[in-house]
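Trainee: mmCIF, C-alpha atoms, saved as data-v6.cif, coming up:
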```
data_start
#
loop_
_atom_site.group_PDB
_atom_site.id
_atom_site.type_symbol
_atom_site.label_atom_id
_atom_site.label_comp_id
_atom_site.auth_asym_id
_atom_site.auth_seq_id
_atom_site.Cartn_x
_atom_site.Cartn_y
_atom_site.Cartn_z
ATOM 1 C CA MET A 1 19.943 24.102 -15.548
ATOM 2 C CA GLY A 2 16.146 24.456 -15.593
ATOM 3 C CA ALA A 3 15.801 21.800 -18.252
ATOM 4 C CA VAL A 4 17.898 19.352 -16.253
ATOM 5 C CA HIS A 5 15.781 19.978 -13.152
ATOM 6 C CA ASP A 6 12.558 19.385 -15.092
ATOM 7 C CA SER A 7 13.920 16.157 -16.540
ATOM 8 C CA ALA A 8 14.817 14.878 -13.078
ATOM 9 C CA GLU A 9 11.313 15.611 -11.810
ATOM 10 C CA ILE A 10 9.680 13.859 -14.760
ATOM 11 C CA SER A 11 11.992 10.885 -14.303
ATOM 12 C CA GLY A 12 11.055 10.640 -10.621
ATOM 13 C CA TRP A 13 7.337 10.827 -11.373
ATOM 14 C CA GLY A 14 7.713 8.226 -14.100
ATOM 15 C CA ALA A 15 9.635 5.864 -11.821
ATOM 16 C CA ARG A 16 6.908 6.091 -9.186
ATOM 17 C CA LEU A 17 4.206 5.395 -11.747
ATOM 18 C CA GLN A 18 6.229 2.424 -12.959
ATOM 19 C CA LEU A 19 6.307 0.888 -9.463
ATOM 20 C CA ALA A 20 2.541 1.258 -9.241
ATOM 21 C CA GLY A 21 2.164 -0.275 -12.697
ATOM 22 C CA HIS A 22 4.299 -3.242 -11.674
ATOM 23 C CA GLY A 23 2.020 -3.691 -8.673
ATOM 24 C CA THR A 24 -1.036 -3.745 -10.927
ATOM 25 C CA ALA A 25 0.660 -6.346 -13.113
ATOM 26 C CA ALA A 26 1.540 -8.481 -10.075
ATOM 27 C CA VAL A 27 -2.099 -8.583 -8.963
ATOM 28 C CA ALA A 28 -3.246 -9.275 -12.518
ATOM 29 C CA ARG A 29 -0.874 -12.255 -12.780
ATOM 30 C CA ILE A 30 -2.283 -13.709 -9.571
ATOM 31 C CA LEU A 31 -5.847 -13.261 -10.798
ATOM 32 C CA GLY A 32 -4.878 -14.986 -14.023
ATOM 33 C CA ARG A 33 -3.733 -18.039 -12.068
ATOM 34 C CA LEU A 34 -6.802 -18.303 -9.831
ATOM 35 C CA THR A 35 -9.719 -20.477 -10.890
ATOM 36 C CA ASP A 36 -13.258 -19.249 -10.340
ATOM 37 C CA ALA A 37 -13.573 -21.526 -7.314
ATOM 38 C CA GLU A 38 -10.254 -20.354 -5.870
ATOM 39 C CA LEU A 39 -11.394 -16.748 -6.112
ATOM 40 C CA ASP A 40 -13.984 -17.650 -3.478
ATOM 41 C CA GLY A 41 -11.242 -18.794 -1.097
ATOM 42 C CA ASP A 42 -9.953 -17.004 1.972
ATOM 43 C CA SER A 43 -7.478 -14.156 1.753
ATOM 44 C CA LEU A 44 -4.942 -13.466 4.487
ATOM 45 C CA LEU A 45 -7.219 -10.733 5.850
ATOM 46 C CA PRO A 46 -9.639 -11.883 8.567
ATOM 47 C CA GLY A 47 -13.228 -11.891 7.310
ATOM 48 C CA TRP A 48 -12.301 -11.234 3.705
ATOM 49 C CA SER A 49 -12.294 -13.629 0.770
ATOM 50 C CA ARG A 50 -10.028 -13.115 -2.207
ATOM 51 C CA ARG A 51 -13.080 -11.587 -3.872
ATOM 52 C CA HIS A 52 -13.221 -8.882 -1.208
ATOM 53 C CA VAL A 53 -9.550 -8.001 -1.750
ATOM 54 C CA VAL A 54 -10.051 -7.629 -5.503
ATOM 55 C CA ALA A 55 -13.257 -5.616 -5.025
ATOM 56 C CA HIS A 56 -11.420 -3.372 -2.565
ATOM 57 C CA LEU A 57 -8.579 -2.744 -5.007
ATOM 58 C CA ALA A 58 -11.068 -1.802 -7.732
ATOM 59 C CA SER A 59 -12.972 0.499 -5.376
ATOM 60 C CA ASN A 60 -9.717 2.057 -4.217
ATOM 61 C CA ALA A 61 -8.646 2.820 -7.790
ATOM 62 C CA ARG A 62 -11.957 4.534 -8.550
ATOM 63 C CA ALA A 63 -11.695 6.568 -5.332
ATOM 64 C CA MET A 64 -8.177 7.734 -6.163
ATOM 65 C CA THR A 65 -9.259 8.645 -9.680
ATOM 66 C CA ARG A 66 -11.820 10.958 -8.087
ATOM 67 C CA LEU A 67 -8.986 12.719 -6.269
ATOM 68 C CA LEU A 68 -7.142 13.170 -9.563
ATOM 69 C CA LEU A 69 -10.302 14.727 -11.008
ATOM 70 C CA CYS A 70 -10.418 17.079 -8.020
ATOM 71 C CA ALA A 71 -6.819 18.150 -8.655
ATOM 72 C CA GLU A 72 -7.472 18.688 -12.345
ATOM 73 C CA THR A 73 -10.704 20.672 -12.006
ATOM 74 C CA GLY A 74 -10.269 22.337 -8.611
ATOM 75 C CA VAL A 75 -13.697 21.062 -7.542
ATOM 76 C CA GLU A 76 -13.371 19.217 -4.218
ATOM 77 C CA THR A 77 -14.306 15.561 -4.522
ATOM 78 C CA VAL A 78 -14.125 12.993 -1.730
ATOM 79 C CA MET A 79 -12.760 9.506 -2.134
ATOM 80 C CA TYR A 80 -15.945 8.041 -0.646
ATOM 81 C CA ALA A 81 -19.252 9.612 0.370
ATOM 82 C CA SER A 82 -18.979 7.714 3.664
ATOM 83 C CA ALA A 83 -17.361 4.633 5.179
ATOM 84 C CA ASP A 84 -20.658 2.783 4.825
ATOM 85 C CA VAL A 85 -20.922 3.633 1.138
ATOM 86 C CA ARG A 86 -17.378 2.412 0.629
ATOM 87 C CA ASN A 87 -17.899 -0.853 2.480
ATOM 88 C CA ASP A 88 -21.214 -1.469 0.695
ATOM 89 C CA GLU A 89 -19.482 -0.981 -2.668
ATOM 90 C CA ILE A 90 -16.819 -3.532 -1.762
ATOM 91 C CA GLU A 91 -19.393 -6.021 -0.542
ATOM 92 C CA LYS A 92 -21.546 -5.575 -3.648
ATOM 93 C CA ASP A 93 -18.644 -5.907 -6.077
ATOM 94 C CA SER A 94 -17.301 -8.972 -4.264
ATOM 95 C CA LYS A 95 -20.428 -10.774 -5.506
ATOM 96 C CA LEU A 96 -19.760 -10.065 -9.189
ATOM 97 C CA ARG A 97 -19.131 -12.961 -11.551
ATOM 98 C CA PRO A 98 -15.421 -13.860 -11.601
ATOM 99 C CA ASP A 99 -14.870 -12.406 -15.076
ATOM 100 C CA GLU A 100 -16.740 -9.212 -14.152
ATOM 101 C CA LEU A 101 -14.741 -8.811 -10.956
ATOM 102 C CA CYS A 102 -11.433 -9.162 -12.790
ATOM 103 C CA VAL A 103 -12.563 -6.676 -15.445
ATOM 104 C CA SER A 104 -13.598 -4.259 -12.676
ATOM 105 C CA PHE A 105 -10.065 -4.455 -11.267
ATOM 106 C CA SER A 106 -8.278 -4.032 -14.599
ATOM 107 C CA GLU A 107 -10.503 -1.246 -15.912
ATOM 108 C CA SER A 108 -10.412 0.784 -12.698
ATOM 109 C CA ALA A 109 -6.623 0.412 -12.516
ATOM 110 C CA GLY A 110 -6.297 1.500 -16.123
ATOM 111 C CA LEU A 111 -8.426 4.601 -15.576
ATOM 112 C CA LEU A 112 -6.320 5.607 -12.577
ATOM 113 C CA GLU A 113 -3.048 5.115 -14.417
ATOM 114 C CA ARG A 114 -4.300 7.220 -17.335
ATOM 115 C CA ALA A 115 -5.427 9.932 -14.922
ATOM 116 C CA TRP A 116 -1.931 10.041 -13.420
ATOM 117 C CA ARG A 117 -0.297 10.259 -16.834
ATOM 118 C CA ASP A 118 -2.684 12.993 -17.996
ATOM 119 C CA LEU A 119 -2.447 15.099 -14.832
ATOM 120 C CA PRO A 120 -0.778 18.423 -15.696
ATOM 121 C CA LYS A 121 2.561 18.835 -14.001
ATOM 122 C CA ASP A 122 1.443 22.031 -12.302
ATOM 123 C CA ARG A 123 -1.389 20.125 -10.578
ATOM 124 C CA GLN A 124 0.709 17.320 -9.082
ATOM 125 C CA MET A 125 1.096 19.204 -5.785
ATOM 126 C CA TYR A 126 -2.597 20.035 -5.480
ATOM 127 C CA PRO A 127 -4.034 19.360 -1.982
ATOM 128 C CA VAL A 128 -6.817 16.781 -1.698
ATOM 129 C CA ARG A 129 -8.419 14.830 1.159
ATOM 130 C CA ASN A 130 -7.633 11.159 1.678
ATOM 131 C CA GLY A 131 -10.119 8.562 2.879
ATOM 132 C CA GLN A 132 -9.629 9.606 6.498
ATOM 133 C CA GLY A 133 -10.239 13.277 5.709
ATOM 134 C CA ALA A 134 -6.607 14.363 6.067
ATOM 135 C CA MET A 135 -5.088 16.755 3.532
ATOM 136 C CA ILE A 136 -2.447 15.222 1.265
ATOM 137 C CA LEU A 137 -0.868 16.132 -2.051
ATOM 138 C CA VAL A 138 -2.494 14.450 -5.019
ATOM 139 C CA SER A 139 0.957 13.140 -5.971
ATOM 140 C CA ASP A 140 0.853 11.078 -2.762
ATOM 141 C CA THR A 141 -1.839 8.892 -4.333
ATOM 142 C CA VAL A 142 0.859 7.150 -6.360
ATOM 143 C CA TRP A 143 2.536 5.792 -3.226
ATOM 144 C CA MET A 144 -0.813 5.074 -1.577
ATOM 145 C CA ARG A 145 -1.854 2.947 -4.553
ATOM 146 C CA THR A 146 1.543 1.278 -4.842
ATOM 147 C CA ARG A 147 1.359 0.201 -1.210
ATOM 148 C CA GLU A 148 -2.188 -1.083 -1.646
ATOM 149 C CA LEU A 149 -1.274 -3.191 -4.653
ATOM 150 C CA TRP A 150 1.886 -4.840 -3.381
ATOM 151 C CA VAL A 151 0.615 -5.610 0.124
ATOM 152 C CA HIS A 152 -2.726 -6.914 -1.107
ATOM 153 C CA ALA A 153 -0.981 -9.032 -3.743
ATOM 154 C CA VAL A 154 0.395 -10.945 -0.765
ATOM 155 C CA ASP A 155 -2.992 -10.886 0.968
ATOM 156 C CA LEU A 156 -4.550 -12.710 -1.992
ATOM 157 C CA ASN A 157 -2.966 -15.808 -0.456
ATOM 158 C CA GLU A 158 -1.929 -17.387 -3.706
ATOM 159 C CA GLY A 159 1.767 -17.931 -3.128
ATOM 160 C CA GLY A 160 2.865 -14.298 -3.376
ATOM 161 C CA SER A 161 5.222 -13.037 -0.699
ATOM 162 C CA PHE A 162 7.129 -9.954 0.316
ATOM 163 C CA ARG A 163 10.083 -11.425 -1.582
ATOM 164 C CA ASP A 164 8.207 -10.434 -4.738
ATOM 165 C CA VAL A 165 7.959 -6.799 -3.633
ATOM 166 C CA PRO A 166 10.557 -4.372 -5.034
ATOM 167 C CA ALA A 167 13.135 -3.182 -2.506
ATOM 168 C CA ALA A 168 12.116 0.444 -3.031
ATOM 169 C CA VAL A 169 8.579 -0.412 -1.926
ATOM 170 C CA LEU A 170 9.789 -2.419 1.070
ATOM 171 C CA ASN A 171 12.063 0.438 2.114
ATOM 172 C CA ARG A 172 9.316 3.011 2.198
ATOM 173 C CA LEU A 173 6.698 0.655 3.616
ATOM 174 C CA LEU A 174 8.840 -0.292 6.602
ATOM 175 C CA GLY A 175 9.534 3.377 7.228
ATOM 176 C CA ASP A 176 5.808 4.146 7.026
ATOM 177 C CA ILE A 177 5.015 1.496 9.605
ATOM 178 C CA GLN A 178 7.745 2.774 11.920
ATOM 179 C CA ARG A 179 6.331 6.280 11.708
ATOM 180 C CA THR A 180 2.830 4.999 12.428
ATOM 181 C CA TRP A 181 4.088 3.251 15.570
ATOM 182 C CA ALA A 182 6.035 6.333 16.654
ATOM 183 C CA GLY A 183 2.991 8.531 16.134
ATOM 184 C CA ARG A 184 1.050 6.357 18.561
ATOM 185 C CA GLY A 185 3.943 6.144 21.015
ATOM 186 C CA GLU A 186 4.237 2.375 20.538
ATOM 187 C CA ASP A 187 7.381 0.224 20.510
ATOM 188 C CA ALA A 188 9.290 3.070 22.185
ATOM 189 C CA ASN A 189 11.865 0.618 23.556
ATOM 190 C CA ARG A 190 12.355 -1.424 20.401
ATOM 191 C CA ARG A 191 14.937 -0.954 17.676
ATOM 192 C CA LEU A 192 14.799 -2.646 14.257
ATOM 193 C CA VAL A 193 17.992 -3.782 12.542
ATOM 194 C CA VAL A 194 17.927 -4.665 8.843
ATOM 195 C CA THR A 195 20.554 -7.371 8.513
ATOM 196 C CA ASP A 196 20.955 -7.255 4.724
ATOM 197 C CA ALA A 197 21.515 -3.511 4.405
ATOM 198 C CA PRO A 198 24.570 -2.723 2.240
ATOM 199 C CA ASP A 199 26.555 -1.148 5.084
ATOM 200 C CA SER A 200 26.446 -0.825 8.847
ATOM 201 C CA SER A 201 24.844 2.595 9.056
ATOM 202 C CA VAL A 202 22.506 3.197 6.150
ATOM 203 C CA GLY A 203 19.942 0.912 4.541
ATOM 204 C CA PRO A 204 19.111 0.655 0.835
ATOM 205 C CA ALA A 205 18.164 3.775 -1.113
ATOM 206 C CA ASP A 206 15.393 5.903 0.398
ATOM 207 C CA MET A 207 15.369 3.843 3.570
ATOM 208 C CA LEU A 208 15.725 4.947 7.150
ATOM 209 C CA PRO A 209 19.044 4.045 8.841
ATOM 210 C CA THR A 210 19.688 0.336 9.288
ATOM 211 C CA GLY A 211 18.952 0.634 13.000
ATOM 212 C CA MET A 212 15.421 2.012 13.094
ATOM 213 C CA GLY A 213 13.965 3.071 16.399
ATOM 214 C CA PRO A 214 15.106 4.807 19.593
ATOM 215 C CA THR A 215 18.798 5.130 20.359
ATOM 216 C CA ASP A 216 18.456 6.746 23.770
ATOM 217 C CA ALA A 217 16.679 3.886 25.547
ATOM 218 C CA ALA A 218 18.724 2.317 28.339
ATOM 219 C CA ALA A 219 18.463 -1.192 26.930
ATOM 220 C CA PRO A 220 16.305 -1.298 23.793
ATOM 221 C CA GLU A 221 15.041 -4.603 22.471
ATOM 222 C CA ILE A 222 16.806 -5.306 19.165
ATOM 223 C CA VAL A 223 14.581 -6.901 16.527
ATOM 224 C CA SER A 224 16.582 -8.164 13.549
ATOM 225 C CA GLY A 225 15.816 -9.593 10.136
ATOM 226 C CA THR A 226 16.220 -9.044 6.430
ATOM 227 C CA LEU A 227 14.345 -6.177 4.836
ATOM 228 C CA VAL A 228 11.815 -8.643 3.421
ATOM 229 C CA ASP A 229 11.246 -10.464 6.706
ATOM 230 C CA LEU A 230 11.106 -7.323 8.859
ATOM 231 C CA THR A 231 8.588 -5.671 6.542
ATOM 232 C CA ALA A 232 6.350 -8.740 6.498
ATOM 233 C CA TRP A 233 6.576 -8.935 10.297
ATOM 234 C CA ALA A 234 5.955 -5.230 10.885
ATOM 235 C CA SER A 235 2.893 -5.299 8.621
ATOM 236 C CA GLY A 236 1.433 -8.189 10.600
ATOM 237 C CA ARG A 237 2.025 -10.801 7.920
ATOM 238 C CA GLY A 238 4.356 -13.352 9.480
ATOM 239 C CA SER A 239 7.380 -13.543 11.759
ATOM 240 C CA ALA A 240 9.632 -15.986 9.909
ATOM 241 C CA GLY A 241 13.277 -14.924 9.944
ATOM 242 C CA VAL A 242 12.767 -12.217 12.585
ATOM 243 C CA THR A 243 14.605 -12.513 15.900
ATOM 244 C CA SER A 244 14.727 -10.507 19.119
ATOM 245 C CA SER A 245 17.538 -9.805 21.540
ATOM 246 C CA THR A 246 15.170 -11.055 24.258
ATOM 247 C CA GLY A 247 15.374 -14.563 22.820
ATOM 248 C CA GLU A 248 11.613 -14.676 22.329
ATOM 249 C CA THR A 249 9.648 -14.439 19.100
ATOM 250 C CA PRO A 250 8.815 -10.717 18.826
ATOM 251 C CA ILE A 251 5.222 -9.584 18.366
ATOM 252 C CA ALA A 252 4.829 -6.541 16.156
ATOM 253 C CA ALA A 253 2.738 -3.629 17.313
ATOM 254 C CA ARG A 254 -0.500 -3.118 15.410
ATOM 255 C CA TRP A 255 0.004 -1.293 12.121
ATOM 256 C CA LEU A 256 -3.580 -0.919 10.907
ATOM 257 C CA ASP A 257 -6.950 -2.059 12.157
ATOM 258 C CA PRO A 258 -8.297 -5.326 10.706
ATOM 259 C CA PRO A 259 -10.491 -5.156 7.587
ATOM 260 C CA ALA A 260 -13.721 -5.346 9.560
ATOM 261 C CA LEU A 261 -12.838 -1.989 11.128
ATOM 262 C CA ILE A 262 -10.862 -0.195 8.430
ATOM 263 C CA ARG A 263 -10.270 -1.370 4.883
ATOM 264 C CA GLN A 264 -7.829 1.231 3.669
ATOM 265 C CA LEU A 265 -4.070 0.802 3.915
#
```
Just dump the structure as structure tokens.

Mentor:
Amino acid sequence: MGAVHDSAEISGWGARLQLAGHGTAAVARILGRLTDAELDGDSLLPGWSRRHVVAHLASNARAMTRLLLCAETGVETVMYASADVRNDEIEKDSKLRPDELCVSFSESAGLLERAWRDLPKDRQMYPVRNGQGAMILVSDTVWMRTRELWVHAVDLNEGGSFRDVPAAVLNRLLGDIQRTWAGRGEDANRRLVVTDAPDSSVGPADMLPTGMGPTDAAAPEIVSGTLVDLTAWASGRGSAGVTSSTGETPIAARWLDPPALIRQL
């Protein structure tokens, strides 16, 4: 029985690493299509060019690798010395030559993926501090990176969309956003309904119930859409395909601050 349990754990860890790897590949494909001039173009994030998004992803990978080193050695290491240091690094790297910037992304991603693979199993639950100073498990960095990659692949504004994002990522991302809203006490009278869930009560694997939000409100606003459309809307990246029981186009509550204020998903 022990061997079966171990196999299941390894399989789960491997599947999570695979989703992150697919995200890296998605960003790499976009970078391969962009010309040098297009790399200078605007991203979907206010105040950020595509260069800034790529520089951020490279910086983020290096920061997460530091957390893996902390878990391996037991010596506490922060993701960034300070917010200013982090933002300065992104700004500096955004000015690299196009080929250097792309190499920075690919090499930093490769180092992080190797660090995950080489992390001893008994260190995967080691506590580390995220960029906001909160304690997390080092294994959580896999989801953090996966979310960064897939959302910012869309933010590169090169034709990518949430339709390219695996359902497993959409499932967890939408749940994350819901929990963020709930933690701030926002959208207390709004209920989300995923219209393409496989049955009337439960969404796709690992997802919250199809109807997400309060059930005890007297007359909650029902916001409906496919998993793809609802996730894009909830993350602040479009409202196409999303409808409200009020008959008006719904406005999503803020998920995260804009890049000028906070540049970490």

Trainee: Evaluating the PyMOL selection byres ((chain A and resi 249) around 12) on the displayed file yields which residues, as a list in words?

Mentor: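 This file gives the following for the PyMOL selection byres ((chain A and resi 249) around 12): Glu221, Ile222, Val223, Ser224, Gly225, Trp233, Gly238, Ser239, Ala240, Gly241, Val242, Thr243, Ser244, Ser245, Thr246, Gly247, Glu248, Pro250, Ile251 and Ala252 of chain A.
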
Trainee: Evaluate the PyMOL selection byres ((chain A and resi 127) around 7) and record the selected residues as a PDB file with C-alpha atoms, keeping the file's coordinate frame, following the chain and residue labels used in the document.

Mentor:
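File produced: out-v7.pdb:
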```pdb
ATOM      1  CA  MET A 125       1.096  19.204  -5.785  1.00  0.00           C
ATOM      2  CA  TYR A 126      -2.597  20.035  -5.480  1.00  0.00           C
ATOM      3  CA  VAL A 128      -6.817  16.781  -1.698  1.00  0.00           C
ATOM      4  CA  MET A 135      -5.088  16.755   3.532  1.00  0.00           C
ATOM      5  CA  ILE A 136      -2.447  15.222   1.265  1.00  0.00           C
ATOM      6  CA  LEU A 137      -0.868  16.132  -2.051  1.00  0.00           C
ATOM      7  CA  VAL A 138      -2.494  14.450  -5.019  1.00  0.00           C
TER       8      VAL A 138
END
```

Trainee: For segment 48-62 of chain A, work out the shell of residues within 7 Å, counting all atoms listed in the file and skipping chain neighbours fewer than 6 positions away, then give it as a tab-separated table (two decimals) with C-alpha atoms, keeping the file's coordinate frame.

Mentor:
```tsv
chain	number	residue	atom	x	y	z
A	39	LEU	CA	-11.39	-16.75	-6.11
A	40	ASP	CA	-13.98	-17.65	-3.48
A	41	GLY	CA	-11.24	-18.79	-1.10
A	42	ASP	CA	-9.95	-17.00	1.97
A	90	ILE	CA	-16.82	-3.53	-1.76
A	91	GLU	CA	-19.39	-6.02	-0.54
A	93	ASP	CA	-18.64	-5.91	-6.08
A	94	SER	CA	-17.30	-8.97	-4.26
A	101	LEU	CA	-14.74	-8.81	-10.96
A	104	SER	CA	-13.60	-4.26	-12.68
A	105	PHE	CA	-10.06	-4.46	-11.27
A	108	SER	CA	-10.41	0.78	-12.70
A	109	ALA	CA	-6.62	0.41	-12.52
A	112	LEU	CA	-6.32	5.61	-12.58
A	152	HIS	CA	-2.73	-6.91	-1.11
A	156	LEU	CA	-4.55	-12.71	-1.99
```

Trainee: Name the residues that the PyMOL selection byres ((chain A and resi 117) around 12) picks from the file above, as a PyMOL selection string, using the file's chain letters and numbers.

Mentor: chain A and resi 10+13-18+21+65+68+72+110-116+118-121+123-124+139+142

Trainee: Kindly indicate which residue among A:Ala81, A:Val27, A:Leu170, A:Leu230 lies nearest to Arg191 of chain A, using all atoms listed in the file for the distances.

Mentor: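 Of the candidates, the smallest distance to Arg191 of chain A is held by A:Leu230.
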
Trainee: Suppose you want the space between atom CA of Trp255 of chain A and atom CA of Thr180 of chain A; what is it in Å?

Mentor: 6.9 Å

Trainee: Rank A:Leu149, A:Arg66, A:Glu89, A:Leu96 by their smallest atom-to-atom distance to Ala28 of chain A, using all atoms listed in the file, and report the top residue only.

Mentor: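 That would be A:Leu149, the residue with the smallest distance to Ala28 of chain A.
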
Trainee: Measuring between only C-alpha atoms, which one of A:Leu174, A:Ala182, A:Cys70, A:Met79 shows the shortest distance to Ser235 of chain A?

Mentor: A:Leu174

Trainee: Distance atom CA of Leu34 of chain A-atom CA of Asp99 of chain A, one decimal place?

Mentor: 11.3 Å

Trainee: Using the structure block above, produce a file of segment 9-31 of chain A that contains C-alpha atoms, as a PDB file, in the first residue's frame.

Mentor:
```
ATOM      1  CA  GLU A   9       2.177  11.475  -4.912  1.00  0.00           C
ATOM      2  CA  ILE A  10       4.938  11.398  -7.521  1.00  0.00           C
ATOM      3  CA  SER A  11       2.348  11.313 -10.294  1.00  0.00           C
ATOM      4  CA  GLY A  12       0.590  14.358  -8.832  1.00  0.00           C
ATOM      5  CA  TRP A  13       3.841  16.296  -8.502  1.00  0.00           C
ATOM      6  CA  GLY A  14       4.814  15.350 -12.038  1.00  0.00           C
ATOM      7  CA  ALA A  15       1.448  16.434 -13.439  1.00  0.00           C
ATOM      8  CA  ARG A  16       1.777  19.829 -11.766  1.00  0.00           C
ATOM      9  CA  LEU A  17       5.281  20.295 -13.125  1.00  0.00           C
ATOM     10  CA  GLN A  18       3.988  19.350 -16.564  1.00  0.00           C
ATOM     11  CA  LEU A  19       1.348  22.108 -16.470  1.00  0.00           C
ATOM     12  CA  ALA A  20       4.037  24.620 -15.557  1.00  0.00           C
ATOM     13  CA  GLY A  21       6.251  23.297 -18.347  1.00  0.00           C
ATOM     14  CA  HIS A  22       3.424  23.685 -20.850  1.00  0.00           C
ATOM     15  CA  GLY A  23       3.051  27.278 -19.686  1.00  0.00           C
ATOM     16  CA  THR A  24       6.744  27.921 -20.295  1.00  0.00           C
ATOM     17  CA  ALA A  25       6.399  26.435 -23.772  1.00  0.00           C
ATOM     18  CA  ALA A  26       3.348  28.604 -24.513  1.00  0.00           C
ATOM     19  CA  VAL A  27       5.269  31.778 -23.663  1.00  0.00           C
ATOM     20  CA  ALA A  28       8.282  30.576 -25.640  1.00  0.00           C
ATOM     21  CA  ARG A  29       6.114  30.001 -28.730  1.00  0.00           C
ATOM     22  CA  ILE A  30       4.766  33.539 -28.491  1.00  0.00           C
ATOM     23  CA  LEU A  31       8.264  34.972 -28.149  1.00  0.00           C
TER      24      LEU A  31
END
```
